[in-house]
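Raw contents of input.txt, compact mmCIF, N, CA and C atoms:
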# COMPACT_ATOMS: atom_id res chain seq x y z
N MET H 1 38.90 -16.93 -11.05
CA MET H 1 38.30 -15.77 -11.68
C MET H 1 36.82 -16.01 -11.95
N LYS H 2 36.47 -17.25 -12.40
CA LYS H 2 35.07 -17.56 -12.67
C LYS H 2 34.24 -17.51 -11.39
N LYS H 3 34.84 -17.98 -10.28
CA LYS H 3 34.12 -17.96 -9.01
C LYS H 3 33.82 -16.53 -8.57
N ILE H 4 34.77 -15.64 -8.74
CA ILE H 4 34.56 -14.24 -8.37
C ILE H 4 33.47 -13.62 -9.23
N MET H 5 33.48 -13.92 -10.52
CA MET H 5 32.46 -13.37 -11.42
C MET H 5 31.08 -13.91 -11.05
N LEU H 6 30.99 -15.19 -10.69
CA LEU H 6 29.71 -15.76 -10.28
C LEU H 6 29.20 -15.12 -9.00
N VAL H 7 30.08 -14.91 -8.04
CA VAL H 7 29.69 -14.28 -6.77
C VAL H 7 29.18 -12.87 -7.03
N VAL H 8 29.90 -12.12 -7.86
CA VAL H 8 29.47 -10.75 -8.19
C VAL H 8 28.13 -10.78 -8.91
N PHE H 9 27.96 -11.73 -9.84
CA PHE H 9 26.71 -11.84 -10.59
C PHE H 9 25.53 -12.10 -9.65
N PHE H 10 25.66 -13.07 -8.74
CA PHE H 10 24.57 -13.39 -7.82
C PHE H 10 24.34 -12.27 -6.80
N ALA H 11 25.37 -11.58 -6.41
CA ALA H 11 25.20 -10.43 -5.50
C ALA H 11 24.43 -9.33 -6.21
N LEU H 12 24.70 -9.12 -7.49
CA LEU H 12 23.97 -8.10 -8.26
C LEU H 12 22.51 -8.48 -8.39
N ILE H 13 22.23 -9.74 -8.67
CA ILE H 13 20.84 -10.20 -8.77
C ILE H 13 20.12 -10.01 -7.43
N ALA H 14 20.78 -10.34 -6.34
CA ALA H 14 20.17 -10.19 -5.01
C ALA H 14 19.88 -8.73 -4.70
N SER H 15 20.78 -7.83 -5.08
CA SER H 15 20.56 -6.41 -4.78
C SER H 15 19.44 -5.85 -5.63
N VAL H 16 19.31 -6.28 -6.89
CA VAL H 16 18.21 -5.81 -7.74
C VAL H 16 16.89 -6.36 -7.22
N SER H 17 16.87 -7.61 -6.78
CA SER H 17 15.65 -8.20 -6.22
C SER H 17 15.22 -7.46 -4.97
N ALA H 18 16.16 -7.07 -4.14
CA ALA H 18 15.83 -6.35 -2.91
C ALA H 18 15.33 -4.95 -3.21
N ALA H 19 15.80 -4.36 -4.31
CA ALA H 19 15.37 -3.00 -4.67
C ALA H 19 13.89 -2.97 -4.99
N PHE H 20 13.38 -4.02 -5.62
CA PHE H 20 11.97 -4.09 -5.96
C PHE H 20 11.30 -5.10 -5.04
N ALA H 21 11.23 -4.77 -3.79
CA ALA H 21 10.69 -5.68 -2.79
C ALA H 21 9.17 -5.79 -2.94
N THR H 22 8.69 -7.01 -3.08
CA THR H 22 7.25 -7.26 -3.16
C THR H 22 6.78 -7.72 -1.80
N THR H 23 5.70 -7.12 -1.32
CA THR H 23 5.17 -7.45 -0.01
C THR H 23 3.76 -7.99 -0.13
N THR H 24 3.45 -9.01 0.65
CA THR H 24 2.10 -9.57 0.70
C THR H 24 1.50 -9.27 2.07
N GLU H 25 0.34 -8.67 2.06
CA GLU H 25 -0.39 -8.37 3.30
C GLU H 25 -1.66 -9.23 3.31
N GLU H 26 -2.15 -9.54 4.49
CA GLU H 26 -3.37 -10.33 4.59
C GLU H 26 -4.32 -9.76 5.63
N SER H 27 -5.60 -9.88 5.33
CA SER H 27 -6.70 -9.63 6.25
C SER H 27 -6.63 -8.27 6.95
N ASP H 28 -7.00 -7.25 6.25
CA ASP H 28 -7.08 -5.91 6.82
C ASP H 28 -8.27 -5.19 6.21
N ILE H 29 -8.64 -4.06 6.79
CA ILE H 29 -9.79 -3.28 6.33
C ILE H 29 -9.29 -1.98 5.71
N VAL H 30 -9.93 -1.58 4.60
CA VAL H 30 -9.54 -0.36 3.89
C VAL H 30 -9.90 0.84 4.76
N LYS H 31 -8.94 1.73 4.97
CA LYS H 31 -9.15 2.93 5.78
C LYS H 31 -9.45 4.14 4.90
N THR H 32 -8.65 4.33 3.86
CA THR H 32 -8.83 5.47 2.97
C THR H 32 -8.73 5.02 1.52
N VAL H 33 -9.50 5.67 0.66
CA VAL H 33 -9.42 5.47 -0.78
C VAL H 33 -9.51 6.85 -1.40
N GLY H 34 -8.62 7.13 -2.35
CA GLY H 34 -8.66 8.45 -2.98
C GLY H 34 -8.12 8.41 -4.40
N ASP H 35 -8.28 9.53 -5.08
CA ASP H 35 -7.83 9.67 -6.45
C ASP H 35 -7.05 10.98 -6.55
N LEU H 36 -5.82 10.88 -7.02
CA LEU H 36 -4.99 12.08 -7.18
C LEU H 36 -5.29 12.83 -8.46
N GLY H 37 -6.13 12.26 -9.31
CA GLY H 37 -6.46 12.90 -10.58
C GLY H 37 -5.35 12.70 -11.59
N THR H 38 -5.37 13.54 -12.62
CA THR H 38 -4.37 13.42 -13.68
C THR H 38 -3.04 13.93 -13.18
N HIS H 39 -2.04 13.12 -13.35
CA HIS H 39 -0.69 13.37 -12.87
C HIS H 39 0.26 13.25 -14.04
N SER H 40 1.52 13.58 -13.85
CA SER H 40 2.50 13.40 -14.91
C SER H 40 2.65 11.92 -15.27
N ASN H 41 2.34 11.02 -14.32
CA ASN H 41 2.41 9.58 -14.56
C ASN H 41 1.08 8.98 -14.98
N GLY H 42 0.09 9.81 -15.27
CA GLY H 42 -1.24 9.32 -15.63
C GLY H 42 -2.21 9.57 -14.50
N ASN H 43 -3.31 8.86 -14.53
CA ASN H 43 -4.34 8.98 -13.50
C ASN H 43 -4.02 7.99 -12.39
N ILE H 44 -3.89 8.47 -11.15
CA ILE H 44 -3.43 7.63 -10.05
C ILE H 44 -4.41 7.67 -8.88
N GLY H 45 -4.73 6.49 -8.37
CA GLY H 45 -5.53 6.38 -7.16
C GLY H 45 -4.64 5.86 -6.04
N TYR H 46 -5.17 5.86 -4.83
CA TYR H 46 -4.39 5.35 -3.70
C TYR H 46 -5.33 4.79 -2.65
N PHE H 47 -4.77 3.98 -1.74
CA PHE H 47 -5.56 3.48 -0.61
C PHE H 47 -4.64 3.19 0.57
N GLY H 48 -5.24 3.21 1.75
CA GLY H 48 -4.54 2.87 2.99
C GLY H 48 -5.38 1.87 3.76
N VAL H 49 -4.76 1.16 4.69
CA VAL H 49 -5.47 0.17 5.49
C VAL H 49 -5.40 0.54 6.97
N VAL H 50 -6.34 0.01 7.74
CA VAL H 50 -6.48 0.36 9.15
C VAL H 50 -5.22 0.06 9.95
N GLU H 51 -4.67 -1.13 9.80
CA GLU H 51 -3.52 -1.54 10.60
C GLU H 51 -2.19 -1.07 10.03
N GLY H 52 -2.20 -0.39 8.90
CA GLY H 52 -0.97 0.04 8.26
C GLY H 52 -0.32 -1.12 7.50
N PHE H 53 0.68 -0.81 6.71
CA PHE H 53 1.35 -1.81 5.90
C PHE H 53 2.60 -2.33 6.61
N LYS H 54 2.95 -3.59 6.36
CA LYS H 54 4.15 -4.20 6.96
C LYS H 54 5.41 -3.45 6.52
N THR H 55 5.50 -3.23 5.21
CA THR H 55 6.64 -2.52 4.66
C THR H 55 6.30 -1.04 4.65
N PRO H 56 7.13 -0.17 5.19
CA PRO H 56 6.82 1.26 5.19
C PRO H 56 6.60 1.78 3.77
N THR H 57 5.55 2.55 3.60
CA THR H 57 5.22 3.13 2.30
C THR H 57 5.16 4.64 2.44
N THR H 58 5.36 5.34 1.34
CA THR H 58 5.27 6.80 1.36
C THR H 58 3.84 7.21 1.71
N TYR H 59 3.67 8.04 2.70
CA TYR H 59 2.37 8.53 3.19
C TYR H 59 1.47 7.40 3.69
N ASN H 60 2.02 6.21 3.92
CA ASN H 60 1.27 5.05 4.40
C ASN H 60 0.12 4.67 3.47
N VAL H 61 0.35 4.83 2.16
CA VAL H 61 -0.63 4.41 1.15
C VAL H 61 0.07 3.63 0.05
N VAL H 62 -0.73 2.86 -0.69
CA VAL H 62 -0.27 2.15 -1.88
C VAL H 62 -1.01 2.76 -3.06
N TYR H 63 -0.30 2.99 -4.14
CA TYR H 63 -0.87 3.66 -5.30
C TYR H 63 -1.38 2.66 -6.33
N VAL H 64 -2.44 3.07 -7.06
CA VAL H 64 -3.08 2.24 -8.07
C VAL H 64 -3.05 3.01 -9.39
N ASP H 65 -2.57 2.36 -10.45
CA ASP H 65 -2.53 2.97 -11.77
C ASP H 65 -3.92 2.89 -12.39
N LEU H 66 -4.59 4.03 -12.53
CA LEU H 66 -5.96 4.05 -13.06
C LEU H 66 -6.01 4.20 -14.57
N THR H 67 -4.87 4.13 -15.23
CA THR H 67 -4.86 4.21 -16.69
C THR H 67 -5.05 2.83 -17.33
N THR H 68 -4.98 1.77 -16.52
CA THR H 68 -5.16 0.41 -17.04
C THR H 68 -6.52 -0.14 -16.59
N GLU H 69 -7.03 -1.11 -17.33
CA GLU H 69 -8.29 -1.74 -16.96
C GLU H 69 -8.17 -2.48 -15.63
N GLY H 70 -7.03 -3.12 -15.41
CA GLY H 70 -6.79 -3.83 -14.14
C GLY H 70 -6.76 -2.87 -12.96
N GLY H 71 -6.15 -1.71 -13.15
CA GLY H 71 -6.10 -0.70 -12.10
C GLY H 71 -7.48 -0.16 -11.76
N LYS H 72 -8.29 0.06 -12.80
CA LYS H 72 -9.67 0.54 -12.59
C LYS H 72 -10.49 -0.50 -11.84
N ALA H 73 -10.33 -1.77 -12.20
CA ALA H 73 -11.07 -2.84 -11.52
C ALA H 73 -10.63 -2.95 -10.06
N ALA H 74 -9.33 -2.85 -9.80
CA ALA H 74 -8.82 -2.91 -8.42
C ALA H 74 -9.37 -1.73 -7.61
N TYR H 75 -9.41 -0.55 -8.23
CA TYR H 75 -9.93 0.64 -7.55
C TYR H 75 -11.40 0.46 -7.19
N GLN H 76 -12.18 -0.14 -8.10
CA GLN H 76 -13.59 -0.42 -7.80
C GLN H 76 -13.73 -1.39 -6.64
N LEU H 77 -12.86 -2.41 -6.60
CA LEU H 77 -12.88 -3.35 -5.47
C LEU H 77 -12.57 -2.63 -4.16
N LEU H 78 -11.60 -1.73 -4.20
CA LEU H 78 -11.23 -0.97 -3.00
C LEU H 78 -12.38 -0.08 -2.53
N LEU H 79 -13.04 0.59 -3.46
CA LEU H 79 -14.18 1.43 -3.09
C LEU H 79 -15.30 0.58 -2.48
N ASN H 80 -15.57 -0.56 -3.08
CA ASN H 80 -16.59 -1.46 -2.57
C ASN H 80 -16.23 -1.96 -1.17
N ALA H 81 -14.97 -2.32 -0.97
CA ALA H 81 -14.51 -2.79 0.34
C ALA H 81 -14.65 -1.69 1.39
N LYS H 82 -14.34 -0.46 1.01
CA LYS H 82 -14.45 0.68 1.94
C LYS H 82 -15.91 0.93 2.31
N ILE H 83 -16.78 0.96 1.33
CA ILE H 83 -18.19 1.25 1.57
C ILE H 83 -18.83 0.19 2.46
N HIS H 84 -18.51 -1.08 2.21
CA HIS H 84 -19.15 -2.18 2.94
C HIS H 84 -18.32 -2.71 4.10
N ASN H 85 -17.23 -2.00 4.44
CA ASN H 85 -16.37 -2.40 5.56
C ASN H 85 -15.93 -3.86 5.42
N GLN H 86 -15.60 -4.23 4.20
CA GLN H 86 -15.23 -5.60 3.87
C GLN H 86 -13.72 -5.79 4.03
N LYS H 87 -13.33 -6.95 4.58
CA LYS H 87 -11.91 -7.23 4.76
C LYS H 87 -11.23 -7.57 3.44
N ILE H 88 -9.99 -7.14 3.34
CA ILE H 88 -9.15 -7.51 2.21
C ILE H 88 -8.52 -8.85 2.54
N ARG H 89 -8.62 -9.78 1.63
CA ARG H 89 -8.02 -11.10 1.87
C ARG H 89 -6.52 -11.04 1.66
N ARG H 90 -6.09 -10.43 0.56
CA ARG H 90 -4.67 -10.38 0.26
C ARG H 90 -4.35 -9.15 -0.59
N ILE H 91 -3.26 -8.48 -0.26
CA ILE H 91 -2.74 -7.35 -1.03
C ILE H 91 -1.29 -7.68 -1.37
N ILE H 92 -0.92 -7.51 -2.61
CA ILE H 92 0.48 -7.62 -2.99
C ILE H 92 0.87 -6.29 -3.63
N TYR H 93 1.92 -5.68 -3.11
CA TYR H 93 2.38 -4.42 -3.66
C TYR H 93 3.89 -4.42 -3.75
N GLU H 94 4.39 -3.55 -4.61
CA GLU H 94 5.83 -3.48 -4.85
C GLU H 94 6.34 -2.11 -4.42
N ASN H 95 7.37 -2.11 -3.61
CA ASN H 95 8.01 -0.88 -3.17
C ASN H 95 9.24 -0.65 -4.04
N ASP H 96 9.27 0.46 -4.77
CA ASP H 96 10.34 0.72 -5.73
C ASP H 96 11.21 1.87 -5.26
N PRO H 97 12.32 1.58 -4.55
CA PRO H 97 13.17 2.65 -4.04
C PRO H 97 13.94 3.39 -5.12
N THR H 98 13.97 2.85 -6.35
CA THR H 98 14.65 3.57 -7.44
C THR H 98 13.78 4.68 -8.00
N ASN H 99 12.49 4.64 -7.69
CA ASN H 99 11.58 5.70 -8.11
C ASN H 99 11.87 6.93 -7.27
N PRO H 100 11.95 8.12 -7.87
CA PRO H 100 12.29 9.32 -7.09
C PRO H 100 11.31 9.59 -5.94
N ASP H 101 10.05 9.17 -6.10
CA ASP H 101 9.05 9.38 -5.05
C ASP H 101 8.98 8.22 -4.09
N ASN H 102 9.71 7.11 -4.37
CA ASN H 102 9.72 5.92 -3.53
C ASN H 102 8.31 5.44 -3.20
N VAL H 103 7.47 5.32 -4.23
CA VAL H 103 6.08 4.94 -4.03
C VAL H 103 5.90 3.43 -4.10
N SER H 104 4.84 2.94 -3.48
CA SER H 104 4.49 1.53 -3.53
C SER H 104 3.32 1.38 -4.49
N LYS H 105 3.43 0.41 -5.40
CA LYS H 105 2.40 0.21 -6.42
C LYS H 105 1.70 -1.11 -6.21
N LEU H 106 0.37 -1.08 -6.34
CA LEU H 106 -0.45 -2.28 -6.18
C LEU H 106 -0.19 -3.26 -7.31
N LYS H 107 -0.03 -4.53 -6.95
CA LYS H 107 0.14 -5.60 -7.94
C LYS H 107 -1.08 -6.51 -7.97
N LEU H 108 -1.67 -6.80 -6.79
CA LEU H 108 -2.81 -7.71 -6.71
C LEU H 108 -3.62 -7.41 -5.46
N ILE H 109 -4.94 -7.56 -5.57
CA ILE H 109 -5.80 -7.43 -4.40
C ILE H 109 -6.93 -8.43 -4.52
N THR H 110 -7.24 -9.12 -3.42
CA THR H 110 -8.40 -10.01 -3.37
C THR H 110 -9.18 -9.70 -2.09
N LEU H 111 -10.49 -9.82 -2.18
CA LEU H 111 -11.36 -9.55 -1.04
C LEU H 111 -11.98 -10.86 -0.55
N TRP H 112 -12.44 -10.86 0.70
CA TRP H 112 -13.12 -12.04 1.27
C TRP H 112 -14.48 -12.15 0.69

If you convert what's in this file into structure tokens, what do you get?
Amino acid sequence: MKKIMLVVFFALIASVSAAFATTTEESDIVKTVGDLGTHSNGNIGYFGVVEGFKTPTTYNVVYVDLTTEGGKAAYQLLLNAKIHNQKIRRIIYENDPTNPDNVSKLKLITLW
């Protein structure tokens, strides 16, 4: 009985981990940067890259929460990268299939 409970427990952890899949992208150029303005979820920005994302994202963009200081700083980095055609060193984003819109949210971005 304990073995069955352990198997079920680890299967549940694996399924929850897969639901919030985090993806790391490397070395790409920003294609689009935009701001959706005030939304029901706050102020939201978005960006896309030239080569597209490894993990399929809604509308081929990753969203940035502009209500936080970190989100505002990331958005400024994205605008700067777009203006100067600068490569992104690393992007980490999370795809949340439990979200009704199935959007991908930015977690980290670094530039070269």

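Distances to Tyr46 of chain H were evaluated for H:Val64, H:Ala74, H:Ala81, H:Thr58 using all atoms listed in the file, and the minimum falls at H:Val64.
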
Spatial neighbours of Ile29 of chain H, 6.5 Å, only N, CA and C atoms, chain gap at least 6 places, as JSON, numbers by chain: {"H": [48, 49, 50, 51, 85, 86, 87, 88]}

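With distances restricted to only C-alpha atoms, H:Thr57 is the closest residue to Asp96 of chain H from H:Thr38, H:Thr32, H:Asn43, H:Thr57.
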
Filtered DSSP result for segment 6-95 of chain H, state strand (DSSP E), as a ChimeraX atom specification: /H:21-39,42-49,62-65,87-95

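The space between atom CA of Gly37 of chain H and atom CA of Phe53 of chain H spans 23.4 Å.
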
Spatial neighbours of Lys54 of chain H, max dist 8 Å, all atoms listed in the file, sep filter under 2 positions, as a count of residues only: 7

Which residue of H:Val62, H:Leu111, H:Val30, H:Leu77 approaches Glu94 of chain H most closely, using only C-alpha atoms: H:Val62

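Between atom C of Ile44 of chain H and atom CA of Ile91 of chain H the interatomic distance comes to 17.0 Å.
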
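Residue nearest Tyr93 of chain H within the list H:Tyr63, H:His39, H:Asn80, H:Asp28: H:Tyr63 [criterion: smallest interatomic distance, all atoms listed in the file].
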
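Nearest to Asp35 of chain H of all the residues H:Asn60, H:Thr55, H:Thr110, H:Gln76 is H:Gln76, based on only C-alpha atoms.
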
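One distance worth recording is that between atom CA of Asp101 of chain H and atom CA of Lys82 of chain H, which is 26.0 Å.
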
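Distances to Lys105 of chain H were evaluated for H:Ser40, H:Lys72, H:His84, H:Val61 using all atoms listed in the file, and the minimum falls at H:Val61.
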